$ cat protein_33.pdb   # PDB, C-alpha atoms
MODEL        1
ATOM      1  CA  MET A1428     275.207 -15.873 173.811
ATOM      2  CA  ARG A1429     274.755 -15.822 177.560
ATOM      3  CA  HIS A1430     277.267 -12.972 177.818
ATOM      4  CA  LEU A1431     275.333 -10.961 175.203
ATOM      5  CA  ARG A1432     272.047 -11.549 177.001
ATOM      6  CA  ASN A1433     273.657 -10.430 180.251
ATOM      7  CA  ASN A1434     274.562  -7.194 178.460
ATOM      8  CA  GLY A1435     271.036  -6.475 177.295
ATOM      9  CA  ILE A1436     271.189  -8.045 173.826
ATOM     10  CA  SER A1437     268.390 -10.477 172.989
ATOM     11  CA  ILE A1438     269.844 -13.534 171.241
ATOM     12  CA  ASN A1439     268.303 -17.007 171.040
ATOM     13  CA  GLY A1440     267.935 -20.057 168.845
ATOM     14  CA  SER A1441     270.128 -22.072 166.517
ATOM     15  CA  THR A1442     269.971 -19.493 163.687
ATOM     16  CA  GLN A1443     271.401 -16.671 165.786
ATOM     17  CA  LYS A1444     273.880 -19.067 167.342
ATOM     18  CA  ARG A1445     275.167 -19.861 163.844
ATOM     19  CA  GLN A1446     275.197 -16.160 162.891
ATOM     20  CA  LEU A1447     277.247 -15.279 165.962
ATOM     21  CA  ARG A1448     279.670 -18.118 165.275
ATOM     22  CA  ASN A1449     280.084 -17.208 161.588
ATOM     23  CA  GLU A1450     280.303 -13.449 162.156
ATOM     24  CA  GLY A1451     282.493 -13.771 165.204
ATOM     25  CA  TYR A1452     282.202 -12.241 168.640
ATOM     26  CA  PHE A1453     285.240  -9.976 168.189
ATOM     27  CA  HIS A1454     284.946  -9.173 164.482
ATOM     28  CA  GLY A1455     281.144  -9.045 164.677
ATOM     29  CA  TYR A1456     279.606  -7.907 167.934
ATOM     30  CA  LYS A1457     282.686  -6.158 169.363
ATOM     31  CA  GLY A1458     283.464  -4.453 166.054
ATOM     32  CA  TYR A1459     279.947  -3.306 165.190
ATOM     33  CA  ARG A1460     278.619  -2.304 168.592
ATOM     34  CA  PHE A1461     279.831   1.290 168.175
ATOM     35  CA  PHE A1462     279.805   4.000 165.518
ATOM     36  CA  ARG A1463     283.313   5.115 164.527
ATOM     37  CA  TYR A1464     284.580   5.492 168.113
ATOM     38  CA  PRO A1465     284.223   2.973 171.001
ATOM     39  CA  GLU A1466     282.663   5.746 173.093
ATOM     40  CA  LEU A1467     279.758   6.094 170.628
ATOM     41  CA  LYS A1468     277.862   2.905 171.409
ATOM     42  CA  ILE A1469     274.956   1.935 169.149
ATOM     43  CA  ASN A1470     271.884   1.214 171.252
ATOM     44  CA  TYR A1471     271.202  -2.354 170.105
ATOM     45  CA  THR A1472     268.598  -4.435 171.931
ATOM     46  CA  SER A1473     268.742  -7.611 169.818
ATOM     47  CA  TYR A1474     271.322  -9.583 167.899
ATOM     48  CA  SER A1475     269.160  -9.327 164.785
ATOM     49  CA  GLU A1476     269.991  -5.590 164.701
ATOM     50  CA  ILE A1477     273.705  -6.333 164.955
ATOM     51  CA  HIS A1478     273.373  -8.964 162.232
ATOM     52  CA  SER A1479     271.586  -6.418 160.008
ATOM     53  CA  THR A1480     274.377  -3.882 160.573
ATOM     54  CA  ILE A1481     276.982  -6.482 159.610
ATOM     55  CA  GLU A1482     274.958  -7.326 156.507
ATOM     56  CA  TYR A1483     274.599  -3.606 155.740
ATOM     57  CA  ASP A1484     278.379  -3.228 155.907
ATOM     58  CA  SER A1485     278.843  -6.264 153.676
ATOM     59  CA  LYS A1486     276.406  -4.935 151.064
ATOM     60  CA  LEU A1487     278.312  -1.646 150.987
ATOM     61  CA  LYS A1488     281.653  -3.383 150.442
ATOM     62  CA  THR A1489     280.170  -5.460 147.624
ATOM     63  CA  LEU A1490     278.823  -2.301 145.955
ATOM     64  CA  LEU A1491     282.029  -0.288 146.311
ATOM     65  CA  TYR A1492     284.634  -2.916 145.409
ATOM     66  CA  GLY A1493     284.084  -2.962 141.651
ATOM     67  CA  LYS A1494     283.895   0.809 141.288
ATOM     68  CA  MET A1495     286.985   1.302 143.428
ATOM     69  CA  MET A1496     288.971  -1.085 141.225
ATOM     70  CA  SER A1497     287.719   0.727 138.112
ATOM     71  CA  ILE A1498     288.833   4.100 139.457
ATOM     72  CA  GLU A1499     292.257   2.767 140.462
ATOM     73  CA  THR A1500     292.850   1.120 137.083
ATOM     74  CA  ALA A1501     291.692   4.153 135.076
ATOM     75  CA  LEU A1502     293.718   6.641 137.141
ATOM     76  CA  LYS A1503     296.846   4.534 136.707
ATOM     77  CA  SER A1504     296.256   4.456 132.964
ATOM     78  CA  VAL A1505     295.806   8.244 132.688
ATOM     79  CA  VAL A1506     298.866   8.983 134.835
ATOM     80  CA  THR A1507     300.995   6.478 132.895
ATOM     81  CA  GLU A1508     300.050   8.044 129.561
ATOM     82  CA  CYS A1509     300.793  11.572 130.800
ATOM     83  CA  ILE A1510     304.205  10.561 132.172
ATOM     84  CA  ILE A1511     305.232   8.750 128.991
ATOM     85  CA  ASP A1512     304.015  11.598 126.761
ATOM     86  CA  TYR A1513     305.886  14.145 128.861
ATOM     87  CA  ASP A1514     309.129  12.129 128.929
ATOM     88  CA  ASP A1515     308.767  10.926 125.335
ATOM     89  CA  SER A1516     309.991   7.690 126.855
ATOM     90  CA  GLU A1517     308.594   4.612 128.582
ATOM     91  CA  GLU A1518     311.648   4.001 130.793
ATOM     92  CA  ILE A1519     311.629   4.449 134.575
ATOM     93  CA  SER A1520     315.079   6.080 134.495
ATOM     94  CA  ASN A1521     313.767   8.869 132.258
ATOM     95  CA  MET A1522     310.701   9.293 134.456
ATOM     96  CA  LEU A1523     312.945   9.802 137.476
ATOM     97  CA  LYS A1524     315.106  12.289 135.593
ATOM     98  CA  LEU A1525     312.386  14.294 133.847
ATOM     99  CA  ALA A1526     308.974  13.785 135.471
ATOM    100  CA  ILE A1527     309.833  13.576 139.188
ATOM    101  CA  SER A1528     310.497  16.800 141.103
ATOM    102  CA  SER A1529     313.989  17.115 142.548
ATOM    103  CA  TYR A1530     316.649  19.609 143.596
ATOM    104  CA  GLN A1531     317.706  19.999 139.980
ATOM    105  CA  ASN A1532     314.372  20.571 138.205
ATOM    106  CA  CYS A1533     312.328  22.463 140.804
ATOM    107  CA  PRO A1534     311.014  25.970 140.024
ATOM    108  CA  PRO A1535     313.748  28.674 140.057
ATOM    109  CA  SER A1536     311.875  30.507 142.818
ATOM    110  CA  SER A1537     312.187  27.531 145.203
ATOM    111  CA  THR A1538     313.988  28.096 148.470
ATOM    112  CA  GLU A1539     316.882  25.913 149.569
ATOM    113  CA  ARG A1540     314.587  24.191 152.038
ATOM    114  CA  GLU A1541     311.995  23.476 149.333
ATOM    115  CA  LYS A1542     314.702  22.080 147.035
ATOM    116  CA  ASN A1543     315.951  19.739 149.747
ATOM    117  CA  THR A1544     312.397  18.601 150.531
ATOM    118  CA  LEU A1545     311.790  17.731 146.875
ATOM    119  CA  GLN A1546     315.086  15.860 146.648
ATOM    120  CA  LYS A1547     314.232  13.782 149.735
ATOM    121  CA  GLN A1548     310.830  13.063 148.204
ATOM    122  CA  LYS A1549     312.506  11.865 145.003
ATOM    123  CA  LEU A1550     314.850   9.606 146.966
ATOM    124  CA  ASN A1551     311.829   8.143 148.762
ATOM    125  CA  ILE A1552     310.147   7.454 145.409
ATOM    126  CA  GLU A1553     313.310   5.783 144.122
ATOM    127  CA  SER A1554     313.312   3.592 147.225
ATOM    128  CA  ILE A1555     309.653   2.680 146.697
ATOM    129  CA  ILE A1556     310.352   1.770 143.064
ATOM    130  CA  ARG A1557     313.305  -0.463 143.974
ATOM    131  CA  LYS A1558     311.230  -2.201 146.630
ATOM    132  CA  GLN A1559     308.311  -2.694 144.241
ATOM    133  CA  LEU A1560     310.544  -4.231 141.577
ATOM    134  CA  GLN A1561     312.227  -6.469 144.136
ATOM    135  CA  ASN A1562     308.951  -7.623 145.701
ATOM    136  CA  ASN A1563     307.353  -8.214 142.309
ATOM    137  CA  TYR A1564     310.366  -9.754 140.563
ATOM    138  CA  LYS A1565     308.523 -13.066 140.113
ATOM    139  CA  HIS A1566     305.450 -11.292 138.769
ATOM    140  CA  ARG A1567     305.216 -11.984 135.043
ATOM    141  CA  ARG A1568     304.572  -8.297 134.283
ATOM    142  CA  ILE A1569     307.993  -7.477 135.779
ATOM    143  CA  ASN A1570     310.030 -10.625 135.247
ATOM    144  CA  HIS A1571     309.257 -10.600 131.518
ATOM    145  CA  TYR A1572     311.265  -7.416 130.959
ATOM    146  CA  TYR A1573     314.333  -8.569 132.872
ATOM    147  CA  LYS A1574     314.485 -11.655 130.649
ATOM    148  CA  ASN A1575     313.804  -9.801 127.388
ATOM    149  CA  SER A1576     316.961  -8.518 125.705
ATOM    150  CA  HIS A1577     314.987  -5.850 123.838
ATOM    151  CA  TYR A1578     314.401  -3.925 127.088
ATOM    152  CA  GLU A1579     317.129  -2.078 128.978
ATOM    153  CA  ASP A1580     314.731  -0.864 131.666
ATOM    154  CA  ILE A1581     311.360  -1.779 133.177
ATOM    155  CA  PRO A1582     308.591   0.192 131.414
ATOM    156  CA  VAL A1583     306.740   2.776 133.466
ATOM    157  CA  TRP A1584     303.405   1.054 132.833
ATOM    158  CA  ALA A1585     304.648  -2.255 134.233
ATOM    159  CA  LEU A1586     305.831  -0.545 137.412
ATOM    160  CA  ILE A1587     302.645   1.462 137.957
ATOM    161  CA  ASP A1588     300.510  -1.599 137.259
ATOM    162  CA  VAL A1589     301.929  -3.485 140.270
ATOM    163  CA  MET A1590     301.998  -0.506 142.636
ATOM    164  CA  MET A1591     299.686  -0.398 145.640
ATOM    165  CA  LEU A1592     297.343   2.589 145.664
ATOM    166  CA  GLY A1593     299.175   4.432 148.450
ATOM    167  CA  GLU A1594     302.551   4.057 146.722
ATOM    168  CA  PHE A1595     300.956   5.173 143.468
ATOM    169  CA  GLY A1596     299.679   8.280 145.275
ATOM    170  CA  THR A1597     303.205   9.017 146.512
ATOM    171  CA  LEU A1598     304.494   8.745 142.934
ATOM    172  CA  VAL A1599     301.833  11.174 141.677
ATOM    173  CA  GLU A1600     302.608  13.579 144.531
ATOM    174  CA  GLY A1601     306.256  13.604 143.470
ATOM    175  CA  LEU A1602     305.577  14.449 139.813
ATOM    176  CA  THR A1603     306.579  17.867 138.549
ATOM    177  CA  MET A1604     303.982  20.594 138.310
ATOM    178  CA  ASP A1605     304.018  20.285 134.505
ATOM    179  CA  VAL A1606     303.128  16.582 134.612
ATOM    180  CA  ARG A1607     300.472  17.018 137.326
ATOM    181  CA  ASN A1608     298.997  19.834 135.258
ATOM    182  CA  ARG A1609     298.771  17.507 132.240
ATOM    183  CA  ILE A1610     296.970  14.900 134.351
ATOM    184  CA  SER A1611     294.484  17.436 135.719
ATOM    185  CA  LYS A1612     293.791  18.809 132.245
ATOM    186  CA  GLU A1613     293.310  15.286 130.909
ATOM    187  CA  LEU A1614     290.695  14.713 133.635
ATOM    188  CA  ASP A1615     289.215  18.206 133.271
ATOM    189  CA  ILE A1616     289.928  19.090 136.905
ATOM    190  CA  SER A1617     289.532  22.857 137.226
ATOM    191  CA  ASN A1618     292.487  24.736 138.667
ATOM    192  CA  HIS A1619     290.157  27.304 140.217
ATOM    193  CA  TYR A1620     290.243  25.479 143.561
ATOM    194  CA  ASP A1621     293.385  23.479 142.827
ATOM    195  CA  GLN A1622     296.036  25.911 141.655
ATOM    196  CA  GLN A1623     298.917  23.736 142.893
ATOM    197  CA  ARG A1624     297.413  20.630 141.297
ATOM    198  CA  HIS A1625     297.107  18.595 144.493
ATOM    199  CA  PHE A1626     293.607  17.259 143.856
ATOM    200  CA  ILE A1627     294.539  13.993 142.137
ATOM    201  CA  TYR A1628     297.007  12.673 144.693
ATOM    202  CA  ASP A1629     294.942  13.990 147.621
ATOM    203  CA  SER A1630     291.978  12.052 146.217
ATOM    204  CA  ILE A1631     294.114   8.933 145.811
ATOM    205  CA  PHE A1632     295.256   9.126 149.448
ATOM    206  CA  THR A1633     291.659   9.724 150.576
ATOM    207  CA  LEU A1634     290.301   6.720 148.660
ATOM    208  CA  LYS A1635     293.241   4.521 149.682
ATOM    209  CA  ASP A1636     291.911   4.192 153.224
ATOM    210  CA  LEU A1637     288.545   2.964 151.963
ATOM    211  CA  ARG A1638     290.084   0.731 149.311
ATOM    212  CA  ASN A1639     292.326  -1.029 151.831
ATOM    213  CA  SER A1640     289.451  -1.525 154.277
ATOM    214  CA  ILE A1641     287.363  -3.171 151.571
ATOM    215  CA  ALA A1642     290.271  -5.375 150.463
ATOM    216  CA  HIS A1643     290.913  -6.539 154.048
ATOM    217  CA  ASN A1644     287.232  -6.949 154.914
ATOM    218  CA  SER A1645     287.430  -4.270 157.599
ATOM    219  CA  ILE A1646     284.417  -2.292 158.793
ATOM    220  CA  ILE A1647     283.474   0.626 156.515
ATOM    221  CA  PHE A1648     279.856   1.657 157.267
ATOM    222  CA  ASP A1649     280.924   4.409 159.686
ATOM    223  CA  ALA A1650     284.101   5.565 157.855
ATOM    224  CA  ARG A1651     286.268   4.604 160.831
ATOM    225  CA  PHE A1652     289.027   3.779 158.336
ATOM    226  CA  LYS A1653     289.650   7.491 157.685
ATOM    227  CA  ASN A1654     293.331   8.347 158.205
ATOM    228  CA  TYR A1655     293.948  11.071 155.631
ATOM    229  CA  SER A1656     292.782  14.578 156.525
ATOM    230  CA  ILE A1657     290.707  16.354 153.897
ATOM    231  CA  THR A1658     292.569  19.127 152.098
ATOM    232  CA  PRO A1659     291.163  22.506 150.974
ATOM    233  CA  CYS A1660     291.502  21.677 147.271
ATOM    234  CA  VAL A1661     289.388  18.503 147.584
ATOM    235  CA  ASN A1662     286.908  20.181 149.911
ATOM    236  CA  ASN A1663     286.437  23.302 147.787
ATOM    237  CA  THR A1664     286.371  21.448 144.454
ATOM    238  CA  LEU A1665     283.662  18.987 145.516
ATOM    239  CA  ARG A1666     281.576  21.524 147.428
ATOM    240  CA  ASN A1667     281.528  24.125 144.688
ATOM    241  CA  GLU A1668     281.278  21.900 141.623
ATOM    242  CA  ILE A1669     278.559  19.658 143.066
ATOM    243  CA  GLY A1670     276.827  22.337 145.129
ATOM    244  CA  LEU A1671     277.309  20.801 148.574
ATOM    245  CA  VAL A1672     277.112  22.735 151.816
ATOM    246  CA  PHE A1673     280.010  20.783 153.338
ATOM    247  CA  ILE A1674     282.131  17.681 152.962
ATOM    248  CA  ASN A1675     284.435  16.262 155.649
ATOM    249  CA  PHE A1676     284.708  12.504 154.951
ATOM    250  CA  ASP A1677     283.357  11.614 158.374
ATOM    251  CA  SER A1678     280.607   9.588 156.713
ATOM    252  CA  LEU A1679     280.539   7.081 153.864
ATOM    253  CA  ASP A1680     278.351   9.489 151.873
ATOM    254  CA  ASP A1681     281.381  11.685 151.206
ATOM    255  CA  TYR A1682     283.354   8.774 149.761
ATOM    256  CA  ILE A1683     280.419   7.956 147.475
ATOM    257  CA  ILE A1684     280.536  11.602 146.365
ATOM    258  CA  LEU A1685     284.281  11.551 145.646
ATOM    259  CA  MET A1686     284.065   8.214 143.827
ATOM    260  CA  SER A1687     281.159   9.430 141.689
ATOM    261  CA  TYR A1688     283.034  12.655 140.918
ATOM    262  CA  MET A1689     286.097  10.698 139.818
ATOM    263  CA  LEU A1690     283.979   8.320 137.728
ATOM    264  CA  LYS A1691     282.472  11.325 135.939
ATOM    265  CA  LYS A1692     285.912  12.820 135.318
ATOM    266  CA  LEU A1693     287.047   9.450 133.958
ATOM    267  CA  GLU A1694     284.136   9.665 131.493
ATOM    268  CA  THR A1695     282.194   6.738 132.892
ATOM    269  CA  PRO A1696     278.685   6.717 131.316
ATOM    270  CA  LYS A1697     276.263   8.858 133.316
ATOM    271  CA  ARG A1698     273.725   6.053 133.567
ATOM    272  CA  GLU A1699     276.313   3.790 135.185
ATOM    273  CA  ILE A1700     277.260   6.406 137.799
ATOM    274  CA  ILE A1701     273.609   7.190 138.599
ATOM    275  CA  THR A1702     272.903   3.469 138.989
ATOM    276  CA  PHE A1703     275.828   3.277 141.417
ATOM    277  CA  ILE A1704     274.424   6.153 143.510
ATOM    278  CA  ASN A1705     270.889   4.720 143.446
ATOM    279  CA  ASP A1706     272.202   1.306 144.476
ATOM    280  CA  TYR A1707     273.833   2.978 147.458
ATOM    281  CA  LEU A1708     270.510   4.629 148.353
ATOM    282  CA  LYS A1709     268.728   1.266 148.070
ATOM    283  CA  ILE A1710     271.153  -0.268 150.577
ATOM    284  CA  VAL A1711     270.631   2.677 152.918
ATOM    285  CA  GLU A1712     266.853   2.329 152.594
ATOM    286  CA  TRP A1713     267.078  -1.427 153.215
ATOM    287  CA  TYR A1714     268.949  -0.792 156.448
ATOM    288  CA  GLU A1715     266.482   1.893 157.564
ATOM    289  CA  ASN A1716     263.613  -0.560 157.021
ATOM    290  CA  THR A1717     265.411  -3.412 158.801
ATOM    291  CA  VAL A1718     266.474  -1.877 162.122
ATOM    292  CA  ASP A1719     264.865   0.400 164.677
ATOM    293  CA  SER A1720     264.813   4.080 163.648
ATOM    294  CA  GLN A1721     266.904   4.976 166.691
ATOM    295  CA  ILE A1722     269.698   2.795 165.339
ATOM    296  CA  SER A1723     269.436   3.814 161.688
ATOM    297  CA  SER A1724     269.438   7.513 162.630
ATOM    298  CA  ALA A1725     272.663   6.970 164.576
ATOM    299  CA  VAL A1726     274.291   5.313 161.553
ATOM    300  CA  ILE A1727     272.876   7.227 158.565
ATOM    301  CA  ARG A1728     272.983  10.998 158.156
ATOM    302  CA  ASN A1729     269.534  12.587 158.002
ATOM    303  CA  ASP A1730     270.537  14.524 154.872
ATOM    304  CA  CYS A1731     271.912  11.473 153.038
ATOM    305  CA  LYS A1732     269.168  11.339 150.393
ATOM    306  CA  THR A1733     269.290  15.096 149.803
ATOM    307  CA  ARG A1734     273.032  15.027 149.202
ATOM    308  CA  MET A1735     272.797  11.975 146.930
ATOM    309  CA  ASN A1736     270.122  13.730 144.859
ATOM    310  CA  GLN A1737     272.439  16.742 144.538
ATOM    311  CA  LEU A1738     275.148  14.352 143.373
ATOM    312  CA  ILE A1739     272.829  12.774 140.791
ATOM    313  CA  ASN A1740     271.955  16.246 139.436
ATOM    314  CA  TYR A1741     275.672  16.986 139.105
ATOM    315  CA  VAL A1742     276.303  13.731 137.241
ATOM    316  CA  LYS A1743     273.450  14.521 134.848
ATOM    317  CA  SER A1744     274.897  17.959 134.080
ATOM    318  CA  ASN A1745     277.415  18.490 131.282
TER     319      ASN A1745
ENDMDL
END
$ encode --input "protein_33.pdb" --output "structure tokens"
Amino acid sequence: MRHLRNNGISINGSTQKRQLRNEGYFHGYKGYRFFRYPELKINYTSYSEIHSTIEYDSKLKTLLYGKMMSIETALKSVVTECIIDYDDSEEISNMLKLAISSYQNCPPSSTEREKNTLQKQKLNIESIIRKQLQNNYKHRRINHYYKNSHYEDIPVWALIDVMMLGEFGTLVEGLTMDVRNRISKELDISNHYDQQRHFIYDSIFTLKDLRNSIAHNSIIFDARFKNYSITPCVNNTLRNEIGLVFINFDSLDDYIILMSYMLKKLETPKREIITFINDYLKIVEWYENTVDSQISSAVIRNDCKTRMNQLINYVKSN
């Protein structure tokens, strides 16, 4: 506390002492004193403002967790169905032979380099699958099939169910164009801005960073978790379908937009999605009313409400 006061942060009393102890000097003050980059310091003058920022971040994680899990579960279900329908089989071996791109089943126009790239990608997916089955051998959803004489192979749905989101994204990326096209059609993703059908796995990789930060209780309010660069198909699809001027995933707003878009495509009731967006706006408003305007303006985009209203109008549309 003395160190904080020496650095211009007002902190006193048993309540703030407890807050600092519970929130941690390194995880709390050190982690929240800047916006995205250590060079962009937030101009706090009291510990109450830092505490409010930590609480703001916590409220956001609480809001996003349930919806993120819903999106992950639903996407896995849609992809599983499309793979099994395409293969006319539920076995992993048939998925690898028929639904995963490789040297043998790539488009005839592919160059030798493209064929080799696809084959390496398939080998990587095979490695991921073996590792997943090995790591999850004791998991009842996997172990059950090894012990059941009626099954010669692990079903695709059992594998996908235990996959982490990033590994799942790699699997989707490796699917043939025909299978990815089925998935996009099932979700009514227009091919106007996504002719190569990259949107689904690009979205998975984009959301993975946020999902992992929430799961590990890392800081999310400033989107510092962003590791995956936005691709033209995601950018153009969201901008044009929702009517946005730009989207770059440098703020949490853009992740709310992508999540809401995916929820709509997964046929989540409109009222539920709009409630989700409004709940986000309520948290933003709470933070604006809790800290000095100089701080809230450094954390929250000045066009946040405008963009969220555009998103709500999109959700309401057919």
$ closest_residue --input "protein_33.pdb" --among "A:Ala1585, A:Ile1498, A:Leu1491, A:Met1735" --to "Ser1630 in chain A" --atoms "all atoms listed in the file"
A:Ile1498
$ closest_residue --input "protein_33.pdb" --among "A:Ser1497, A:Thr1603, A:Ser1504, A:Ser1479" --to "Leu1545 in chain A" --atoms "all atoms listed in the file"
A:Thr1603
$ atom_distance --input "protein_33.pdb" --atom1 "CA of Thr1544 in chain A" --atom2 "CA of Ser1529 in chain A"
8.3 Å
$ residues_around --input "protein_33.pdb" --residues "His1454 in chain A" --least-positions-apart "2" --cutoff "12 Å" --atoms "all atoms listed in the file" --output "list of chain:residue names"
A:Leu1447, A:Arg1448, A:Asn1449, A:Glu1450, A:Gly1451, A:Tyr1452, A:Tyr1456, A:Lys1457, A:Gly1458, A:Tyr1459, A:Arg1460, A:Ile1477, A:His1478, A:Ile1481, A:Asn1644, A:Ser1645, A:Ile1646
$ closest_residue --input "protein_33.pdb" --among "A:Glu1482, A:Asp1719, A:Lys1612, A:Glu1499" --to "Leu1690 in chain A" --atoms "only C-alpha atoms"
A:Glu1499
$ closest_atom_pairs --input "protein_33.pdb" --of "range 1445-1561 of chain A" --to "range 1631-1640 of chain A" --cutoff "9 Å" --atoms "all atoms listed in the file" --output "CSV"
residue,atom,partner,partner_atom,distance
A:Lys1488,CA,A:Ser1640,CA,8.9
A:Leu1491,CA,A:Arg1638,CA,8.7
A:Tyr1492,CA,A:Arg1638,CA,7.6
A:Met1495,CA,A:Arg1638,CA,6.7
A:Met1496,CA,A:Arg1638,CA,8.4
A:Glu1499,CA,A:Ile1631,CA,8.4
A:Leu1502,CA,A:Ile1631,CA,9.0
$ atom_distance --input "protein_33.pdb" --atom1 "CA of Lys1574 in chain A" --atom2 "CA of Leu1560 in chain A"
13.8 Å
$ resolve_selection --input "protein_33.pdb" --expression "the PyMOL selection byres ((chain A and resi 1437) around 8)" --output "list in words"
Leu1431, Arg1432, Gly1435, Ile1436, Ile1438, Asn1439, Thr1472, Ser1473 and Tyr1474 of chain A
$ atom_distance --input "protein_33.pdb" --atom1 "CA of Phe1648 in chain A" --atom2 "CA of Ile1700 in chain A"
20.2 Å
$ resolve_selection --input "protein_33.pdb" --expression "the PyMOL selection byres ((chain A and resi 1676) around 12)" --output "PyMOL selection string"
chain A and resi 1630+1633-1634+1636-1637+1649-1658+1661-1662+1665+1673-1675+1677-1686
$ write_last_selection --input "protein_33.pdb" --atoms "C-alpha atoms" --output "PDB file, in the coordinates of the input"
ATOM      1  CA  SER A1630     291.978  12.052 146.217  1.00  0.00           C
ATOM      2  CA  THR A1633     291.659   9.724 150.576  1.00  0.00           C
ATOM      3  CA  LEU A1634     290.301   6.720 148.660  1.00  0.00           C
ATOM      4  CA  ASP A1636     291.911   4.192 153.224  1.00  0.00           C
ATOM      5  CA  LEU A1637     288.545   2.964 151.963  1.00  0.00           C
ATOM      6  CA  ASP A1649     280.924   4.409 159.686  1.00  0.00           C
ATOM      7  CA  ALA A1650     284.101   5.565 157.855  1.00  0.00           C
ATOM      8  CA  ARG A1651     286.268   4.604 160.831  1.00  0.00           C
ATOM      9  CA  PHE A1652     289.027   3.779 158.336  1.00  0.00           C
ATOM     10  CA  LYS A1653     289.650   7.491 157.685  1.00  0.00           C
ATOM     11  CA  ASN A1654     293.331   8.347 158.205  1.00  0.00           C
ATOM     12  CA  TYR A1655     293.948  11.071 155.631  1.00  0.00           C
ATOM     13  CA  SER A1656     292.782  14.578 156.525  1.00  0.00           C
ATOM     14  CA  ILE A1657     290.707  16.354 153.897  1.00  0.00           C
ATOM     15  CA  THR A1658     292.569  19.127 152.098  1.00  0.00           C
ATOM     16  CA  VAL A1661     289.388  18.503 147.584  1.00  0.00           C
ATOM     17  CA  ASN A1662     286.908  20.181 149.911  1.00  0.00           C
ATOM     18  CA  LEU A1665     283.662  18.987 145.516  1.00  0.00           C
ATOM     19  CA  PHE A1673     280.010  20.783 153.338  1.00  0.00           C
ATOM     20  CA  ILE A1674     282.131  17.681 152.962  1.00  0.00           C
ATOM     21  CA  ASN A1675     284.435  16.262 155.649  1.00  0.00           C
ATOM     22  CA  ASP A1677     283.357  11.614 158.374  1.00  0.00           C
ATOM     23  CA  SER A1678     280.607   9.588 156.713  1.00  0.00           C
ATOM     24  CA  LEU A1679     280.539   7.081 153.864  1.00  0.00           C
ATOM     25  CA  ASP A1680     278.351   9.489 151.873  1.00  0.00           C
ATOM     26  CA  ASP A1681     281.381  11.685 151.206  1.00  0.00           C
ATOM     27  CA  TYR A1682     283.354   8.774 149.761  1.00  0.00           C
ATOM     28  CA  ILE A1683     280.419   7.956 147.475  1.00  0.00           C
ATOM     29  CA  ILE A1684     280.536  11.602 146.365  1.00  0.00           C
ATOM     30  CA  LEU A1685     284.281  11.551 145.646  1.00  0.00           C
ATOM     31  CA  MET A1686     284.065   8.214 143.827  1.00  0.00           C
TER      32      MET A1686
END
$ axis_aligned_box --input "protein_33.pdb" --around "range 1625-1644 of chain A" --padding-each-side "6 Å" --output "AutoDock Vina command-line options"
--center_x 292.2 --center_y 5.8 --center_z 148.5 --size_x 21.9 --size_y 37.5 --size_z 24.8
$ closest_residue --input "protein_33.pdb" --among "A:Leu1708, A:Leu1614, A:Ile1701, A:Cys1533" --to "Arg1728 in chain A" --atoms "all atoms listed in the file"
A:Leu1708
$ closest_residue --input "protein_33.pdb" --among "A:Ile1627, A:Val1718, A:Ile1641, A:Met1590" --to "His1566 in chain A" --atoms "all atoms listed in the file"
A:Met1590
$ decode --input "protein_33.pdb" --residues "range 1637-1647 of chain A" --atoms "N, CA and C atoms" --output "JSON list (two decimals), in the first residue's frame"
[["chain", "number", "residue", "atom", "x", "y", "z"],
["A", 1637, "LEU", "N", -10.06, -15.58, -26.80],
["A", 1637, "LEU", "CA", -10.94, -15.08, -25.75],
["A", 1637, "LEU", "C", -11.39, -16.20, -24.84],
["A", 1638, "ARG", "N", -11.76, -17.31, -25.41],
["A", 1638, "ARG", "CA", -12.25, -18.45, -24.63],
["A", 1638, "ARG", "C", -11.21, -18.92, -23.63],
["A", 1639, "ASN", "N", -9.95, -19.03, -24.08],
["A", 1639, "ASN", "CA", -8.89, -19.49, -23.19],
["A", 1639, "ASN", "C", -8.59, -18.48, -22.09],
["A", 1640, "SER", "N", -8.69, -17.19, -22.41],
["A", 1640, "SER", "CA", -8.46, -16.16, -21.39],
["A", 1640, "SER", "C", -9.52, -16.21, -20.31],
["A", 1641, "ILE", "N", -10.77, -16.43, -20.71],
["A", 1641, "ILE", "CA", -11.85, -16.55, -19.74],
["A", 1641, "ILE", "C", -11.63, -17.78, -18.86],
["A", 1642, "ALA", "N", -11.29, -18.91, -19.50],
["A", 1642, "ALA", "CA", -11.12, -20.16, -18.76],
["A", 1642, "ALA", "C", -9.97, -20.09, -17.76],
["A", 1643, "HIS", "N", -8.94, -19.30, -18.07],
["A", 1643, "HIS", "CA", -7.77, -19.19, -17.19],
["A", 1643, "HIS", "C", -7.78, -17.93, -16.36],
["A", 1644, "ASN", "N", -8.93, -17.25, -16.33],
["A", 1644, "ASN", "CA", -9.10, -16.04, -15.53],
["A", 1644, "ASN", "C", -8.04, -14.98, -15.86],
["A", 1645, "SER", "N", -7.71, -14.87, -17.15],
["A", 1645, "SER", "CA", -6.79, -13.83, -17.59],
["A", 1645, "SER", "C", -7.57, -12.55, -17.89],
["A", 1646, "ILE", "N", -6.87, -11.47, -18.07],
["A", 1646, "ILE", "CA", -7.50, -10.17, -18.30],
["A", 1646, "ILE", "C", -8.07, -10.11, -19.72],
["A", 1647, "ILE", "N", -9.33, -9.64, -19.86],
["A", 1647, "ILE", "CA", -9.96, -9.60, -21.18],
["A", 1647, "ILE", "C", -10.48, -8.22, -21.57]]
